[in-house]
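Printed here is query-v4.txt (compact mmCIF, C-alpha atoms):
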# COMPACT_ATOMS: atom_id res chain seq x y z
CA MET A 1 17.78 -2.54 -15.89
CA PHE A 2 15.13 -4.74 -14.29
CA LYS A 3 12.97 -7.11 -16.32
CA ILE A 4 9.18 -7.30 -15.96
CA LEU A 5 8.44 -11.00 -15.49
CA LYS A 6 4.68 -10.71 -15.12
CA LYS A 7 1.97 -8.10 -15.57
CA ARG A 8 -1.64 -8.49 -14.44
CA VAL A 9 -4.48 -5.98 -14.45
CA LEU A 10 -6.27 -6.19 -11.08
CA ASN A 11 -8.93 -3.61 -11.85
CA PRO A 12 -9.32 -0.67 -14.28
CA THR A 13 -6.88 1.51 -12.34
CA VAL A 14 -4.62 -0.96 -10.49
CA THR A 15 -1.89 -3.14 -11.99
CA LEU A 16 0.37 -5.86 -10.58
CA MET A 17 3.91 -6.39 -11.84
CA GLU A 18 6.46 -9.01 -10.87
CA ILE A 19 10.02 -7.71 -11.32
CA ASP A 20 13.25 -9.69 -11.61
CA ALA A 21 15.25 -8.29 -8.67
CA PRO A 22 17.05 -11.14 -6.84
CA LEU A 23 19.13 -8.97 -4.50
CA ILE A 24 16.04 -7.12 -3.26
CA ALA A 25 13.98 -10.33 -3.02
CA LYS A 26 16.72 -11.84 -0.86
CA LYS A 27 16.28 -9.21 1.87
CA ALA A 28 12.77 -7.80 1.45
CA GLU A 29 10.26 -7.97 4.31
CA PRO A 30 6.59 -6.95 4.58
CA GLY A 31 6.17 -3.24 5.19
CA GLN A 32 9.22 -2.21 3.18
CA PHE A 33 9.22 -0.39 -0.14
CA ILE A 34 11.29 0.21 -3.26
CA ILE A 35 11.93 3.32 -5.33
CA LEU A 36 11.87 3.00 -9.11
CA ARG A 37 12.40 5.00 -12.28
CA VAL A 38 10.64 3.84 -15.43
CA ASP A 39 13.35 5.29 -17.70
CA GLU A 40 16.54 7.31 -17.36
CA ASP A 41 14.65 10.61 -17.56
CA GLY A 42 11.89 9.53 -15.19
CA GLU A 43 11.03 10.70 -11.69
CA ARG A 44 11.61 8.53 -8.62
CA ILE A 45 8.48 7.06 -7.04
CA PRO A 46 8.09 4.78 -4.00
CA LEU A 47 6.05 1.58 -4.20
CA THR A 48 5.49 -0.90 -1.41
CA VAL A 49 6.77 -4.45 -1.78
CA ALA A 50 3.49 -6.33 -2.25
CA ASP A 51 5.14 -9.77 -2.28
CA PHE A 52 8.45 -11.46 -2.99
CA ASP A 53 9.82 -14.85 -3.97
CA ARG A 54 13.34 -15.42 -2.65
CA GLU A 55 13.90 -18.60 -4.69
CA LYS A 56 12.69 -17.07 -7.93
CA GLY A 57 14.40 -13.76 -7.17
CA SER A 58 11.33 -11.68 -7.90
CA VAL A 59 9.58 -8.77 -6.21
CA THR A 60 5.92 -7.93 -6.77
CA ILE A 61 4.63 -4.37 -6.87
CA ILE A 62 1.04 -3.18 -7.15
CA PHE A 63 0.34 0.37 -8.24
CA GLN A 64 -2.60 2.64 -8.94
CA ILE A 65 -2.51 4.71 -12.12
CA VAL A 66 -2.83 8.24 -10.76
CA GLY A 67 0.06 10.27 -12.18
CA ALA A 68 2.46 10.52 -15.08
CA THR A 69 4.96 7.95 -13.85
CA THR A 70 2.38 5.28 -13.02
CA GLU A 71 0.82 5.88 -16.45
CA LEU A 72 4.22 5.34 -18.09
CA LEU A 73 4.85 2.27 -15.96
CA ASN A 74 1.49 0.80 -16.89
CA HIS A 75 2.43 1.01 -20.59
CA LYS A 76 5.35 -1.34 -19.97
CA GLN A 77 4.71 -4.97 -20.92
CA GLU A 78 6.03 -8.38 -19.84
CA GLY A 79 9.58 -8.86 -21.09
CA GLU A 80 10.35 -5.14 -21.10
CA TYR A 81 12.57 -3.38 -18.57
CA ILE A 82 12.44 -0.72 -15.86
CA GLN A 83 15.45 1.59 -15.55
CA ASP A 84 15.94 1.57 -11.76
CA PHE A 85 14.51 -0.54 -8.94
CA VAL A 86 16.12 0.19 -5.56
CA GLY A 87 15.46 -1.35 -2.14
CA PRO A 88 14.38 -2.71 0.17
CA LEU A 89 13.88 0.60 1.99
CA GLY A 90 12.11 1.48 5.22
CA VAL A 91 11.65 -0.44 8.45
CA PRO A 92 9.95 -3.88 8.17
CA SER A 93 6.58 -4.27 9.87
CA HIS A 94 6.88 -5.62 13.41
CA THR A 95 4.96 -8.89 13.77
CA ASP A 96 6.82 -10.85 16.46
CA GLY A 97 4.82 -11.95 19.48
CA LEU A 98 1.41 -11.07 18.05
CA LYS A 99 -1.18 -13.79 18.67
CA LYS A 100 -4.31 -12.20 17.21
CA VAL A 101 -4.43 -9.24 14.82
CA ALA A 102 -7.01 -7.38 12.77
CA VAL A 103 -5.58 -6.21 9.45
CA VAL A 104 -7.67 -3.39 7.97
CA GLY A 105 -7.06 -2.45 4.34
CA GLY A 106 -8.74 0.10 2.11
CA GLY A 107 -8.58 0.31 -1.68
CA VAL A 108 -5.10 -0.05 -3.16
CA GLY A 109 -3.79 -0.01 0.43
CA CYS A 110 -4.81 -3.68 0.48
CA ALA A 111 -1.70 -4.32 -1.62
CA ILE A 112 0.34 -3.22 1.39
CA ALA A 113 -1.87 -4.96 3.93
CA TYR A 114 -1.71 -8.34 2.18
CA PRO A 115 2.01 -9.16 2.68
CA ILE A 116 1.68 -8.25 6.37
CA ALA A 117 -1.36 -10.51 6.75
CA LYS A 118 0.56 -13.24 4.92
CA LYS A 119 3.56 -13.03 7.26
CA LEU A 120 1.33 -13.00 10.34
CA HIS A 121 -0.47 -16.10 9.04
CA GLN A 122 2.83 -17.88 8.31
CA GLN A 123 4.04 -17.30 11.86
CA GLY A 124 0.84 -18.74 13.34
CA THR A 125 -0.97 -15.52 14.26
CA GLU A 126 -4.77 -15.52 14.06
CA VAL A 127 -5.57 -12.99 11.33
CA HIS A 128 -8.88 -11.23 10.82
CA SER A 129 -8.80 -9.18 7.61
CA VAL A 130 -11.23 -6.32 7.04
CA VAL A 131 -10.95 -4.98 3.49
CA GLY A 132 -12.95 -2.20 1.90
CA PHE A 133 -13.48 -0.80 -1.60
CA ARG A 134 -15.76 1.76 -3.20
CA ASN A 135 -17.49 -0.87 -5.35
CA LYS A 136 -17.23 -4.41 -6.75
CA ASP A 137 -15.20 -3.36 -9.80
CA LEU A 138 -12.35 -2.11 -7.61
CA VAL A 139 -11.93 -5.26 -5.46
CA ILE A 140 -8.39 -6.69 -5.52
CA LEU A 141 -6.58 -9.61 -3.86
CA GLU A 142 -9.74 -11.26 -2.52
CA GLU A 143 -8.43 -14.79 -3.01
CA GLU A 144 -5.07 -13.88 -1.52
CA PHE A 145 -6.66 -12.49 1.66
CA ASN A 146 -8.87 -15.56 1.98
CA ASN A 147 -5.79 -17.77 1.83
CA VAL A 148 -4.00 -16.04 4.72
CA SER A 149 -6.88 -15.04 6.99
CA ASP A 150 -8.91 -16.88 9.61
CA LYS A 151 -11.75 -14.45 8.97
CA VAL A 152 -12.37 -11.98 6.12
CA CYS A 153 -14.88 -9.11 6.12
CA MET A 154 -15.39 -7.70 2.64
CA MET A 155 -16.97 -4.24 2.58
CA THR A 156 -18.03 -1.95 -0.28
CA ASP A 157 -19.31 1.60 0.01
CA ASP A 158 -22.25 0.94 -2.30
CA GLY A 159 -22.99 -2.66 -1.27
CA SER A 160 -22.28 -4.02 -4.76
CA TYR A 161 -20.08 -6.75 -3.24
CA GLY A 162 -19.70 -8.20 0.23
CA ARG A 163 -21.43 -6.03 2.82
CA LYS A 164 -22.43 -2.41 2.42
CA GLY A 165 -20.58 -0.09 4.74
CA LEU A 166 -17.18 1.09 5.90
CA VAL A 167 -14.29 -0.93 7.29
CA THR A 168 -14.86 0.81 10.62
CA ASP A 169 -18.38 -0.65 10.73
CA ALA A 170 -17.05 -4.20 10.40
CA LEU A 171 -14.16 -3.63 12.81
CA LYS A 172 -16.48 -2.19 15.47
CA GLU A 173 -18.78 -5.21 15.15
CA LEU A 174 -15.85 -7.60 15.58
CA ILE A 175 -14.59 -5.78 18.67
CA GLU A 176 -18.02 -5.51 20.27
CA SER A 177 -18.72 -9.19 19.56
CA GLY A 178 -15.86 -10.04 21.92
CA GLU A 179 -12.86 -10.35 19.61
CA GLN A 180 -9.75 -9.29 21.51
CA TYR A 181 -6.86 -8.15 19.34
CA ASP A 182 -3.26 -7.67 20.37
CA GLU A 183 -3.02 -5.07 17.63
CA VAL A 184 -4.86 -3.53 14.70
CA ILE A 185 -2.82 -2.82 11.57
CA THR A 186 -4.50 -0.46 9.12
CA ILE A 187 -3.38 0.62 5.67
CA GLY A 188 -5.25 2.73 3.14
CA PRO A 189 -6.39 6.30 2.52
CA LEU A 190 -5.40 8.75 5.25
CA ILE A 191 -9.01 9.52 6.11
CA MET A 192 -9.73 5.80 6.57
CA MET A 193 -6.72 5.26 8.81
CA LYS A 194 -7.67 8.33 10.86
CA PHE A 195 -11.13 6.97 11.62
CA VAL A 196 -9.86 3.46 12.29
CA THR A 197 -7.51 4.86 14.93
CA LEU A 198 -10.27 7.01 16.43
CA LEU A 199 -12.30 3.81 16.79
CA THR A 200 -9.55 1.62 18.23
CA LYS A 201 -8.52 4.35 20.65
CA GLN A 202 -11.94 4.03 22.27
CA TYR A 203 -11.11 0.40 23.08
CA ASN A 204 -7.42 1.04 23.82
CA ILE A 205 -6.25 -1.39 21.11
CA PRO A 206 -2.69 -0.64 19.90
CA THR A 207 -2.92 0.45 16.27
CA ILE A 208 -0.25 0.66 13.60
CA VAL A 209 -0.70 2.73 10.44
CA SER A 210 1.37 2.71 7.24
CA MET A 211 2.14 6.20 5.96
CA ASN A 212 2.92 6.87 2.31
CA PRO A 213 3.50 10.62 1.80
CA ILE A 214 5.27 12.24 -1.14
CA MET A 215 8.81 10.84 -1.22
CA ILE A 216 11.85 11.71 -3.34
CA ASP A 217 15.16 10.18 -2.30
CA GLY A 218 13.99 7.56 0.22
CA THR A 219 16.99 8.12 2.50
CA GLY A 220 15.80 10.93 4.78
CA MET A 221 17.82 13.61 3.00
CA CYS A 222 15.10 15.56 1.16
CA GLY A 223 12.56 15.84 3.98
CA GLY A 224 9.63 15.52 1.57
CA CYS A 225 8.04 12.66 3.49
CA ARG A 226 8.07 14.36 6.89
CA LEU A 227 5.24 13.72 9.31
CA THR A 228 4.36 14.83 12.80
CA VAL A 229 4.22 11.84 15.12
CA GLY A 230 3.85 12.36 18.84
CA GLY A 231 4.60 16.05 18.38
CA LYS A 232 7.94 15.29 16.71
CA THR A 233 9.02 15.36 13.07
CA LYS A 234 9.54 11.91 11.58
CA PHE A 235 10.43 10.77 8.06
CA ALA A 236 8.35 7.98 6.55
CA CYS A 237 11.24 6.68 4.45
CA VAL A 238 13.66 5.96 7.31
CA ASP A 239 11.55 6.06 10.50
CA GLY A 240 8.58 4.25 8.93
CA PRO A 241 6.48 3.66 7.00
CA ASP A 242 4.77 2.11 10.07
CA PHE A 243 3.87 4.39 12.98
CA ASP A 244 1.73 4.38 16.12
CA GLY A 245 -1.62 5.52 14.78
CA PHE A 246 -2.57 7.24 18.03
CA GLU A 247 0.37 9.64 17.63
CA VAL A 248 0.12 10.56 13.93
CA ASP A 249 -1.17 14.02 13.01
CA PHE A 250 -3.48 12.89 10.21
CA ASP A 251 -4.96 16.33 9.53
CA GLU A 252 -1.52 17.77 8.79
CA ALA A 253 -0.63 14.77 6.60
CA MET A 254 -3.85 15.13 4.60
CA GLU A 255 -3.31 18.86 4.11
CA ARG A 256 0.26 18.36 2.87
CA GLY A 257 -0.76 15.51 0.56
CA SER A 258 -3.51 17.52 -1.09
CA MET A 259 -1.02 20.23 -2.09
CA TYR A 260 0.37 18.11 -4.90
CA LYS A 261 -2.86 16.78 -6.42
CA PRO A 262 -3.29 19.50 -9.10
CA PHE A 263 0.30 18.97 -10.31
CA GLU A 264 -0.17 15.20 -10.32
CA ARG A 265 -3.43 15.47 -12.25
CA LYS A 266 -1.93 17.76 -14.91
CA ALA A 267 1.16 15.54 -15.35
CA HIS A 268 -1.12 12.52 -15.78
CA GLU A 269 -3.26 14.31 -18.37
CA ASP A 270 -0.18 15.46 -20.31
CA THR A 271 1.21 11.92 -20.37
CA CYS A 272 -2.10 10.44 -21.52
CA ASN A 273 -2.29 13.03 -24.32
CA LEU A 274 1.24 12.13 -25.38
CA PHE A 275 0.33 8.45 -25.75
CA LYS A 276 -2.82 9.38 -27.69
CA LYS A 277 -0.76 11.40 -30.17
CA GLU A 278 1.65 8.50 -30.63
CA VAL A 279 -1.25 6.16 -31.42
CA GLU A 280 -2.73 8.66 -33.90

Just give me the structure of the file as structure tokens.
Amino acid sequence: MFKILKKRVLNPTVTLMEIDAPLIAKKAEPGQFIILRVDEDGERIPLTVADFDREKGSVTIIFQIVGATTELLNHKQEGEYIQDFVGPLGVPSHTDGLKKVAVVGGGVGCAIAYPIAKKLHQQGTEVHSVVGFRNKDLVILEEEFNNVSDKVCMMTDDGSYGRKGLVTDALKELIESGEQYDEVITIGPLIMMKFVTLLTKQYNIPTIVSMNPIMIDGTGMCGGCRLTVGGKTKFACVDGPDFDGFEVDFDEAMERGSMYKPFERKAHEDTCNLFKKEVE
């Protein structure tokens, strides 16, 4: 059992939790993830390590409430416990030798982008962070990005905060203004990462994407998280989650991901109805 040390609502659909997990905190690196179960009958879900404190022995996760398990998790409070919390899994993000990087995050993907930006900043890399959200109410981790970035471009689809436009608009402006990046690291919705890589390919800037497909065991055994990268089958849990964006088949990944949305939506609705009945 793993104790919830801290819980903070970041926006109406996104929650931060700090979990007491000293063995994971000891070895965790940006880019890696954990797999948890809320209770002994729960499903396994992967969540990226959003931060960690080796001295305190804690690991921070940030999750969006989209399905049954995240709804159940969000009903947990500080001082309560999670059944299982396993990790760190996956390959850490490669940051060595990078002198100047643009980190591009979209929506809840910013929770994955932030620890990478933080590590780059700590090692002396110049970090330009481009972060985008649908509107002002959904903005998360603004202060955190400001603390680890040499430059921050805040974008919203509707212009209710920061600048109106897409992250690709801001990234293109930075590149065409003369900024020369060793690498672009982009994390967010598949459609966003696809268009970021289409942009950076025009300028031949190496681009890394973080893939988060449906995952079950996290060890490469189930094959649920398979992707096509460079014409070959890869598994996000053991080969990733970071991949060369120019080689990822985004269209296939989006088609496979959409297959599960009706099931996820129904499970979420059933769980919400269960909590409503308990309250009544």

Pairwise distance for atom CA of A:Met215 and atom CA of A:Ile35, rounded to one decimal in Å: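 Straight-line distance from atom CA of A:Met215 to atom CA of A:Ile35 works out to 9.1 Å.
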
Kindly provide the residues of stretch 148-226 of chain A that approach stretch 132-137 of chain A to within 9 Å, each paired with its closest atom pair and their distance in Å to one decimal, based on all atoms listed in the file, listed by chain and increasing number, as JSON lines.
{"residue": "A:Cys153", "atom": "CA", "partner": "A:Gly132", "partner_atom": "CA", "distance": 8.3}
{"residue": "A:Met154", "atom": "CA", "partner": "A:Gly132", "partner_atom": "CA", "distance": 6.1}
{"residue": "A:Met155", "atom": "CA", "partner": "A:Gly132", "partner_atom": "CA", "distance": 4.6}
{"residue": "A:Thr156", "atom": "CA", "partner": "A:Phe133", "partner_atom": "CA", "distance": 4.9}
{"residue": "A:Asp157", "atom": "CA", "partner": "A:Arg134", "partner_atom": "CA", "distance": 4.8}
{"residue": "A:Asp158", "atom": "CA", "partner": "A:Asn135", "partner_atom": "CA", "distance": 5.9}
{"residue": "A:Gly159", "atom": "CA", "partner": "A:Asn135", "partner_atom": "CA", "distance": 7.1}
{"residue": "A:Ser160", "atom": "CA", "partner": "A:Lys136", "partner_atom": "CA", "distance": 5.4}
{"residue": "A:Tyr161", "atom": "CA", "partner": "A:Lys136", "partner_atom": "CA", "distance": 5.1}
{"residue": "A:Gly162", "atom": "CA", "partner": "A:Lys136", "partner_atom": "CA", "distance": 8.3}
{"residue": "A:Gly165", "atom": "CA", "partner": "A:Gly132", "partner_atom": "CA", "distance": 8.4}
{"residue": "A:Leu166", "atom": "CA", "partner": "A:Gly132", "partner_atom": "CA", "distance": 6.7}
{"residue": "A:Val167", "atom": "CA", "partner": "A:Gly132", "partner_atom": "CA", "distance": 5.7}

Resulting file, chosen residues, C-alpha atoms, as a PDB file, keeping the file's coordinate frame:
ATOM      1  CA  CYS A 153     -14.880  -9.110   6.120  1.00  0.00           C
ATOM      2  CA  MET A 154     -15.390  -7.700   2.640  1.00  0.00           C
ATOM      3  CA  MET A 155     -16.970  -4.240   2.580  1.00  0.00           C
ATOM      4  CA  THR A 156     -18.030  -1.950  -0.280  1.00  0.00           C
ATOM      5  CA  ASP A 157     -19.310   1.600   0.010  1.00  0.00           C
ATOM      6  CA  ASP A 158     -22.250   0.940  -2.300  1.00  0.00           C
ATOM      7  CA  GLY A 159     -22.990  -2.660  -1.270  1.00  0.00           C
ATOM      8  CA  SER A 160     -22.280  -4.020  -4.760  1.00  0.00           C
ATOM      9  CA  TYR A 161     -20.080  -6.750  -3.240  1.00  0.00           C
ATOM     10  CA  GLY A 162     -19.700  -8.200   0.230  1.00  0.00           C
ATOM     11  CA  GLY A 165     -20.580  -0.090   4.740  1.00  0.00           C
ATOM     12  CA  LEU A 166     -17.180   1.090   5.900  1.00  0.00           C
ATOM     13  CA  VAL A 167     -14.290  -0.930   7.290  1.00  0.00           C
TER      14      VAL A 167
END

Computed interatomic separation between atom CA of A:Gly67 and atom CA of A:Asp242 (Å): 24.2 Å

Nearest to A:Asp249 among A:Ile45, A:Ile191, A:Cys222, A:Cys237, with distances taken over only C-alpha atoms: which residue is it?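 Nearest to A:Asp249: A:Ile191.
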
Name the closest residue to A:Cys110 among the candidates A:Ser129, A:Ser93, A:Gln77, A:Ser58; distances are taken between atoms, counting all atoms listed in the file.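 Comparing A:Ser129, A:Ser93, A:Gln77, A:Ser58 against A:Cys110, the winner is A:Ser129.
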
What does the distance between atom CA of A:Met221 and atom CA of A:Pro46 come to in Å, to one decimal place?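 That distance, rounded to one decimal, is 14.9 Å.
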
Give me the residues within 7 Å of A:Ile65 as an mmCIF file with C-alpha atoms, in the frame of the given file, counting only C-alpha atoms and dropping any in the same chain fewer than 5 places off.
data_model
loop_
_atom_site.group_PDB
_atom_site.id
_atom_site.type_symbol
_atom_site.label_atom_id
_atom_site.label_comp_id
_atom_site.auth_asym_id
_atom_site.auth_seq_id
_atom_site.Cartn_x
_atom_site.Cartn_y
_atom_site.Cartn_z
ATOM 1 C CA THR A 13 -6.880 1.510 -12.340
ATOM 2 C CA VAL A 14 -4.620 -0.960 -10.490
ATOM 3 C CA THR A 70 2.380 5.280 -13.020
ATOM 4 C CA GLU A 71 0.820 5.880 -16.450
#

Proximity to A:Met1 - best of A:Asp20, A:Asp96, A:Glu43, A:Asp84, only C-alpha atoms: A:Asp84

Enumerate, as a VMD selection string, the protein, DNA and RNA residues whose atoms approach (4.2, 7.4, 16.0) to within 12 Å, taking into account only C-alpha atoms and the coordinate frame of the file. chain A and resid 206 to 211 227 to 236 239 to 250

Report as an MDAnalysis selection string all protein, DNA and RNA residues lying within 6 Å of stretch 23-28 of chain A, evaluated on only C-alpha atoms, omitting residues in the same chain fewer than 2 positions from it. chainID A and resid 21 52 54 57:59 87:88

Write to file, as a JSON list (two decimals), keeping the file's coordinate frame, the residues of the selection just made, with C-alpha atoms.
[["chain", "number", "residue", "atom", "x", "y", "z"],
["A", 21, "ALA", "CA", 15.25, -8.29, -8.67],
["A", 52, "PHE", "CA", 8.45, -11.46, -2.99],
["A", 54, "ARG", "CA", 13.34, -15.42, -2.65],
["A", 57, "GLY", "CA", 14.40, -13.76, -7.17],
["A", 58, "SER", "CA", 11.33, -11.68, -7.90],
["A", 59, "VAL", "CA", 9.58, -8.77, -6.21],
["A", 87, "GLY", "CA", 15.46, -1.35, -2.14],
["A", 88, "PRO", "CA", 14.38, -2.71, 0.17]]

Could you give me the axis-aligned bounding box of stretch 154-164 of chain A, with 3 Å of padding per side, as centre plus edge lengths in Å to one decimal, as JSON?
{"center_x": -19.2, "center_y": -3.3, "center_z": -1.0, "size_x": 13.6, "size_y": 15.8, "size_z": 13.6}

Which polymer residues, whether protein, DNA or RNA, lie within 12 Å of the coordinate (0.1, -19.5, 11.9) when you count all atoms listed in the file? List them as a ChimeraX atom specification, using the chain letters and numbers from the file. /A:95-101,117-127,147-150

List as a PyMOL selection string the protein and nucleic acid residues near A:Arg8, meaning an atom at most 10 Å away when all atoms listed in the file are counted, but skip any in the same chain fewer than 5 places from it. chain A and resi 14-18+62+77-78

Best match for closeness to A:Tyr114 among A:Gly79, A:Asn74, A:Pro30, A:Arg37, counting all atoms listed in the file: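 Closest candidate: A:Pro30.
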
Which residue out of A:Ala170, A:Leu73, A:Val184, A:Leu47 has the minimum interatomic distance to A:Ile214 when all atoms listed in the file are used?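 For A:Ile214, the nearest of the candidates is A:Leu47.
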
If you count all atoms listed in the file, which residues fall within 9 Å of A:Asp39, apart from same-chain ones fewer than 6 positions away, as a PyMOL selection string? chain A and resi 81-84
